[in-house]
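Read the structure below first, then the notes.
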Amino acid sequence: MIQLSRRASLRLAASVSLLAAAPARGQCVATVAGPCDEGGGRAAGQAQTVAANALLGGLTAGMMRVAHGGRFGGAFVRGAAGGALVYAGKRTVVHRFYGAGLLGRQIASVGSSVSYNAAAGTGALDRLMLPVGPVRVYVSPRGRRTVHVRVDAATLATLGYVALRRDNAFDLSATLSTGAPVFRHYATPGQVDWEGAQVAGVVQLRHAPYERTPGVVVSAAVREYVDDVAAHERVHVLQYDQSFLLWSAPAEDGILQPSRAGRALHRWVDLGLNLPLWAALNEAVGHRERPWEREAYFLSRSSPEQIGGRPDRR
Ligand SMILES: [Zn+2]
């Protein structure tokens, strides 16, 4: 295990913070795709994004370790390494090849697991969380139970609600490729004010009502547009996973483990307390000011204007 002195830990934390903040002081204020999105601006944006994810994992792990009487430095470094792996997963899910979502989601989940383990003071790979739809597979190579499964209650409830909507259709192919449930939502632009939505790891993509007719073929431009929206939503799925393992999982451990009934429930169920957290954050921060939206736009190389309306306007 890496042990750093307090001064070295603080210096490292300050360096990562500066790296995360650096592009914000220059011309490229936002990492949302824009005039400074190419060349040096793009590279600076990537550096900012990896630093932000590393900082999130590092600070969370370090502070939780300190709260449990441990040392900040080692947990910060390991948590930051996990955060950097989450970034690698986010870079992967925005690719357009089949299965990019599934692959990137697992990479990012290993990263968040490393940060979780750093916060818990256990070995980096002692417990891995691998999400499969509404279920999480927990793999503990050295534990008494090597593999066990829990269902995320928030994801299950969302899945039920979305699946029962009359204007939704389950998209099996997109689901397998994304590694998360994907539904086609048939509506006109006037009926809903969104093109894609992600709630608790469940994705909906708006399609024009005429596409519901079997045999209908949409143009290449429309297919490309829907792919862009889907790539953006895949980043949000990973953000949901990240918020679960960094914040919700430790909180749920603390709430459920002390009581017998809590432990019995937690054996099979994750509550998904990060869902109300996301609802509150989305309520409190305007769309364009949200750092998580900026990240999703930046990584998927899109902008609110580009994925704000289909090329065929239907
Ligand atoms: Zn978004």
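Each chain of the structure tokens is named A, B, ... in the order shown, its residues numbered from 1; ligands are numbered from 1 in display order.
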Quick one: which chain A residues come within 10 Å of ligand 1, and what is the nearest atom pair for each with the distance in Å to one decimal, counting only C-alpha atoms and all ligand atoms, rows ordered by chain and ascending number, as CSV?
```
residue,atom,partner,partner_atom_place_in_ligand_line,distance
A:Trp194,CA,ligand 1,1 (Zn),9.5
A:Glu195,CA,ligand 1,1 (Zn),9.5
A:Gly196,CA,ligand 1,1 (Zn),7.6
A:Ala197,CA,ligand 1,1 (Zn),7.2
A:Gln198,CA,ligand 1,1 (Zn),7.8
A:Val229,CA,ligand 1,1 (Zn),8.6
A:Ala230,CA,ligand 1,1 (Zn),9.9
A:Ala231,CA,ligand 1,1 (Zn),9.9
A:His232,CA,ligand 1,1 (Zn),6.2
A:Glu233,CA,ligand 1,1 (Zn),6.1
A:Arg234,CA,ligand 1,1 (Zn),9.3
A:Val235,CA,ligand 1,1 (Zn),8.2
A:His236,CA,ligand 1,1 (Zn),6.6
A:His287,CA,ligand 1,1 (Zn),8.2
A:Arg288,CA,ligand 1,1 (Zn),9.6
A:Arg290,CA,ligand 1,1 (Zn),9.1
A:Trp292,CA,ligand 1,1 (Zn),7.5
A:Glu293,CA,ligand 1,1 (Zn),4.9
A:Arg294,CA,ligand 1,1 (Zn),8.1
A:Glu295,CA,ligand 1,1 (Zn),8.8
A:Ala296,CA,ligand 1,1 (Zn),6.1
A:Tyr297,CA,ligand 1,1 (Zn),7.1
A:Ser303,CA,ligand 1,1 (Zn),9.9
A:Pro304,CA,ligand 1,1 (Zn),8.7
A:Ile307,CA,ligand 1,1 (Zn),9.9
```
Save the residues we just selected, C-alpha atoms, as a tab-separated table (two decimals), in the first residue's frame?
```tsv
chain	number	residue	atom	x	y	z
A	194	TRP	CA	-36.17	16.08	-24.58
A	195	GLU	CA	-34.40	13.95	-27.18
A	196	GLY	CA	-32.86	11.47	-24.76
A	197	ALA	CA	-33.25	10.80	-21.05
A	198	GLN	CA	-31.44	8.76	-18.43
A	229	VAL	CA	-28.03	11.37	-28.44
A	230	ALA	CA	-27.45	7.78	-27.26
A	231	ALA	CA	-23.70	8.38	-26.76
A	232	HIS	CA	-24.54	11.41	-24.58
A	233	GLU	CA	-26.98	9.37	-22.47
A	234	ARG	CA	-24.42	6.56	-22.04
A	235	VAL	CA	-22.13	9.02	-20.23
A	236	HIS	CA	-25.03	9.77	-17.85
A	287	HIS	CA	-29.15	22.59	-17.62
A	288	ARG	CA	-26.27	24.51	-19.17
A	290	ARG	CA	-24.46	21.37	-14.85
A	292	TRP	CA	-22.27	16.51	-15.56
A	293	GLU	CA	-24.03	17.81	-18.68
A	294	ARG	CA	-20.87	19.57	-19.80
A	295	GLU	CA	-18.97	16.34	-19.39
A	296	ALA	CA	-21.56	14.36	-21.37
A	297	TYR	CA	-21.61	16.92	-24.21
A	303	SER	CA	-23.59	20.34	-28.13
A	304	PRO	CA	-27.08	21.27	-26.86
A	307	ILE	CA	-28.71	17.20	-30.30
```
Worksheet item: Contacts of region 111-113 of chain A at 7 Å or less, counting only C-alpha atoms, minus same-chain residues fewer than 2 places along, as an MDAnalysis selection string?
Response: chainID A and resid 82:83 85:86 107:109 115:117 127:129 242 245:246
Item to complete: Would you mind telling me which residue in A:Ser302, A:Ser177, A:Thr49, A:Thr122 lies nearest to Ser140 (chain A) when using only C-alpha atoms?
Response: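 Of A:Ser302, A:Ser177, A:Thr49, A:Thr122, the one nearest Ser140 (chain A), counting only C-alpha atoms, is A:Thr122.
Taking CA of Val132 (chain A) and CA of Asp228 (chain A) as endpoints, the distance between them is 22.7 Å.
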Fill in: Residues within 6 Å of region 258-274 of chain A, only C-alpha atoms, excluding chain neighbours under 4 positions, as a PyMOL selection string
chain A and resi 150-154+244+248
Worksheet item: Looking at A:Gly73, A:Met63, A:Gly79, A:Tyr240, which one is nearest to Gly123 (chain A), with distances taken over only C-alpha atoms?
Response: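 Looking at the shortest contact to Gly123 (chain A), the residue is A:Gly79.
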Discussion item. Just the number, please: distance in Å from CA of Asp193 (chain A) to CA of Ser300 (chain A), one decimal.
Written reply: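 If I compute the distance from CA of Asp193 (chain A) to CA of Ser300 (chain A), I get 20.3 Å.
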Discussion item. Would you pick out the contacts of Arg313 (chain A) at 8 Å or less, using only C-alpha atoms, so that residues sharing its chain but fewer than 3 positions from it are not included, and give the list as a VMD selection string?
Written reply: chain A and resid 189 309 to 310
Worksheet item: Which residue out of A:Val139, A:Ala47, A:Leu176, A:Ala221 has the minimum interatomic distance to Tyr98 (chain A) when only C-alpha atoms are used?
Response: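 Ranked by minimum distance to Tyr98 (chain A), first place goes to A:Leu176.
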Discussion item. Taking only C-alpha atoms into account, name the residue in A:Ser173, A:Gln306, A:Asp312, A:Ala251 that is nearest to Ala220 (chain A).
Written reply: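 Closest residue, counting only C-alpha atoms: A:Asp312.
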Item to complete: Using CA of Val237 (chain A) and CA of Thr92 (chain A) as the two end points, give the distance in Å to one decimal.
Response: 12.7 Å
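Among the candidates A:Leu59, A:Leu299, A:Val203, A:Val137, the one nearest to Gly89 (chain A) when counting only C-alpha atoms is A:Leu299.
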Mind the document's chain letters and residue numbers, and return as a compact mmCIF listing (two decimals) with C-alpha atoms, in the first residue's frame the residues of region 84-288 of chain A that DSSP labels strand (DSSP E or B).
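Resulting contents of selection14.txt:
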```txt
# COMPACT_ATOMS: atom_id res chain seq x y z
CA LEU A 128 -15.71 -5.29 -7.76
CA MET A 129 -19.18 -4.06 -8.67
CA LEU A 130 -20.32 -4.91 -12.19
CA PRO A 131 -23.74 -3.52 -13.23
CA VAL A 132 -25.97 -5.57 -15.52
CA VAL A 135 -28.73 -5.81 -11.13
CA ARG A 136 -25.23 -5.44 -9.69
CA VAL A 137 -22.89 -8.39 -9.57
CA TYR A 138 -20.48 -8.08 -6.65
CA VAL A 139 -17.29 -10.06 -7.14
CA VAL A 147 -20.04 -13.65 -6.19
CA HIS A 148 -23.32 -12.23 -5.05
CA VAL A 149 -26.03 -10.23 -6.71
CA ARG A 150 -28.18 -7.30 -5.63
CA VAL A 151 -30.96 -5.51 -7.46
CA ASP A 152 -31.00 -1.71 -7.43
CA ASN A 168 -42.35 3.17 -25.13
CA ALA A 169 -40.85 0.08 -26.77
CA PHE A 170 -37.97 -1.96 -25.37
CA VAL A 182 -32.77 1.23 -23.54
CA PHE A 183 -36.30 2.15 -24.65
CA ARG A 184 -37.53 3.93 -27.74
CA HIS A 185 -39.94 6.70 -26.75
CA TYR A 186 -42.29 7.52 -29.63
CA GLY A 196 -32.86 11.47 -24.76
CA ALA A 197 -33.25 10.80 -21.05
CA GLN A 198 -31.44 8.76 -18.43
CA VAL A 199 -32.90 8.00 -15.02
CA VAL A 202 -32.51 3.46 -17.67
CA VAL A 203 -32.24 5.20 -21.04
CA GLN A 204 -35.03 6.52 -23.27
CA LEU A 205 -34.38 7.85 -26.76
CA ARG A 206 -37.02 9.87 -28.59
CA HIS A 207 -38.11 8.49 -31.93
CA VAL A 269 -31.13 -5.07 -2.51
CA ASP A 270 -29.31 -1.77 -3.11
```
Discussion item. Neighbouring residues of region 155-159 of chain A were defined as those with any atom within 6 Å, considering only C-alpha atoms; residues of the same chain fewer than 4 positions away were excluded. Please report them as a PyMOL selection string.
Written reply: chain A and resi 134+163+200
Practice prompt. Determine, counting only C-alpha atoms, which protein, DNA and RNA residues have an atom within 9 Å of an atom of Met64 (chain A); residues of the same chain fewer than 5 positions away are not included. Present the result as an MDAnalysis selection string.
Written response: chainID A and resid 59 69:70 72 75 118:120 250
Just write the chosen residues, N, CA and C atoms, as a compact mmCIF listing (two decimals), in the first residue's frame.
```txt
# COMPACT_ATOMS: atom_id res chain seq x y z
N LEU A 59 -10.72 12.52 -3.62
CA LEU A 59 -11.21 13.26 -2.45
C LEU A 59 -12.25 12.45 -1.68
N GLY A 69 -11.02 7.01 10.57
CA GLY A 69 -9.81 6.96 11.37
C GLY A 69 -8.56 6.56 10.60
N GLY A 70 -8.65 6.50 9.26
CA GLY A 70 -7.49 6.12 8.45
C GLY A 70 -6.73 7.34 7.97
N PHE A 72 -5.36 9.94 4.93
CA PHE A 72 -5.90 10.53 3.70
C PHE A 72 -5.09 10.14 2.47
N ALA A 75 -5.35 6.63 0.52
CA ALA A 75 -6.72 6.48 0.02
C ALA A 75 -6.97 7.45 -1.13
N ALA A 118 -10.75 1.87 -1.77
CA ALA A 118 -9.80 2.78 -1.13
C ALA A 118 -10.47 3.47 0.06
N ALA A 119 -11.73 3.88 -0.12
CA ALA A 119 -12.47 4.52 0.98
C ALA A 119 -12.69 3.55 2.12
N ALA A 120 -12.90 2.27 1.79
CA ALA A 120 -13.17 1.26 2.82
C ALA A 120 -11.88 0.74 3.46
N PRO A 250 -21.58 3.58 0.23
CA PRO A 250 -21.14 3.69 1.62
C PRO A 250 -22.27 4.14 2.56
```
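With distances restricted to only C-alpha atoms, A:Val50 is the closest residue to Tyr87 (chain A) from A:Val50, A:Ala43, A:Val216, A:Ala208.
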Practice prompt. Quick one: pick out all helix (DSSP H, G or I) residues within region 52-98 of chain A from a backbone DSSP run and write them as a PyMOL selection string.
Written response: chain A and resi 52-67+72-93
Could you take the residues named above and write them with C-alpha atoms, as a compact mmCIF listing (two decimals), in the first residue's frame?
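Saved to result32.txt:
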```txt
# COMPACT_ATOMS: atom_id res chain seq x y z
CA ALA A 52 -12.10 16.07 -12.38
CA ASN A 53 -12.89 12.34 -12.28
CA ALA A 54 -9.61 11.55 -10.49
CA LEU A 55 -10.25 14.34 -8.00
CA LEU A 56 -13.79 13.11 -7.36
CA GLY A 57 -12.58 9.57 -6.66
CA GLY A 58 -9.53 10.72 -4.70
CA LEU A 59 -11.21 13.26 -2.45
CA THR A 60 -14.18 10.98 -1.74
CA ALA A 61 -11.91 8.04 -0.82
CA GLY A 62 -9.50 10.21 1.18
CA MET A 63 -12.19 11.97 3.21
CA MET A 64 -14.11 8.76 3.92
CA ARG A 65 -10.90 7.07 5.02
CA VAL A 66 -10.17 9.94 7.41
CA ALA A 67 -13.76 9.72 8.75
CA PHE A 72 -5.90 10.53 3.70
CA GLY A 73 -2.88 10.16 1.41
CA GLY A 74 -2.92 6.51 0.36
CA ALA A 75 -6.72 6.48 0.02
CA PHE A 76 -6.60 9.67 -2.06
CA VAL A 77 -4.03 8.25 -4.49
CA ARG A 78 -5.90 4.96 -4.92
CA GLY A 79 -9.26 6.71 -5.15
CA ALA A 80 -7.84 9.05 -7.81
CA ALA A 81 -6.49 6.08 -9.79
CA GLY A 82 -10.00 4.61 -9.71
CA GLY A 83 -11.41 7.95 -10.89
CA ALA A 84 -8.98 7.99 -13.83
CA LEU A 85 -10.27 4.54 -14.80
CA VAL A 86 -13.84 5.88 -14.67
CA TYR A 87 -12.74 8.52 -17.18
CA ALA A 88 -11.35 5.74 -19.43
CA GLY A 89 -14.75 4.05 -19.24
CA LYS A 90 -16.52 7.29 -20.17
CA ARG A 91 -14.16 7.75 -23.13
CA THR A 92 -15.06 4.22 -24.23
CA VAL A 93 -18.87 4.49 -24.05
```
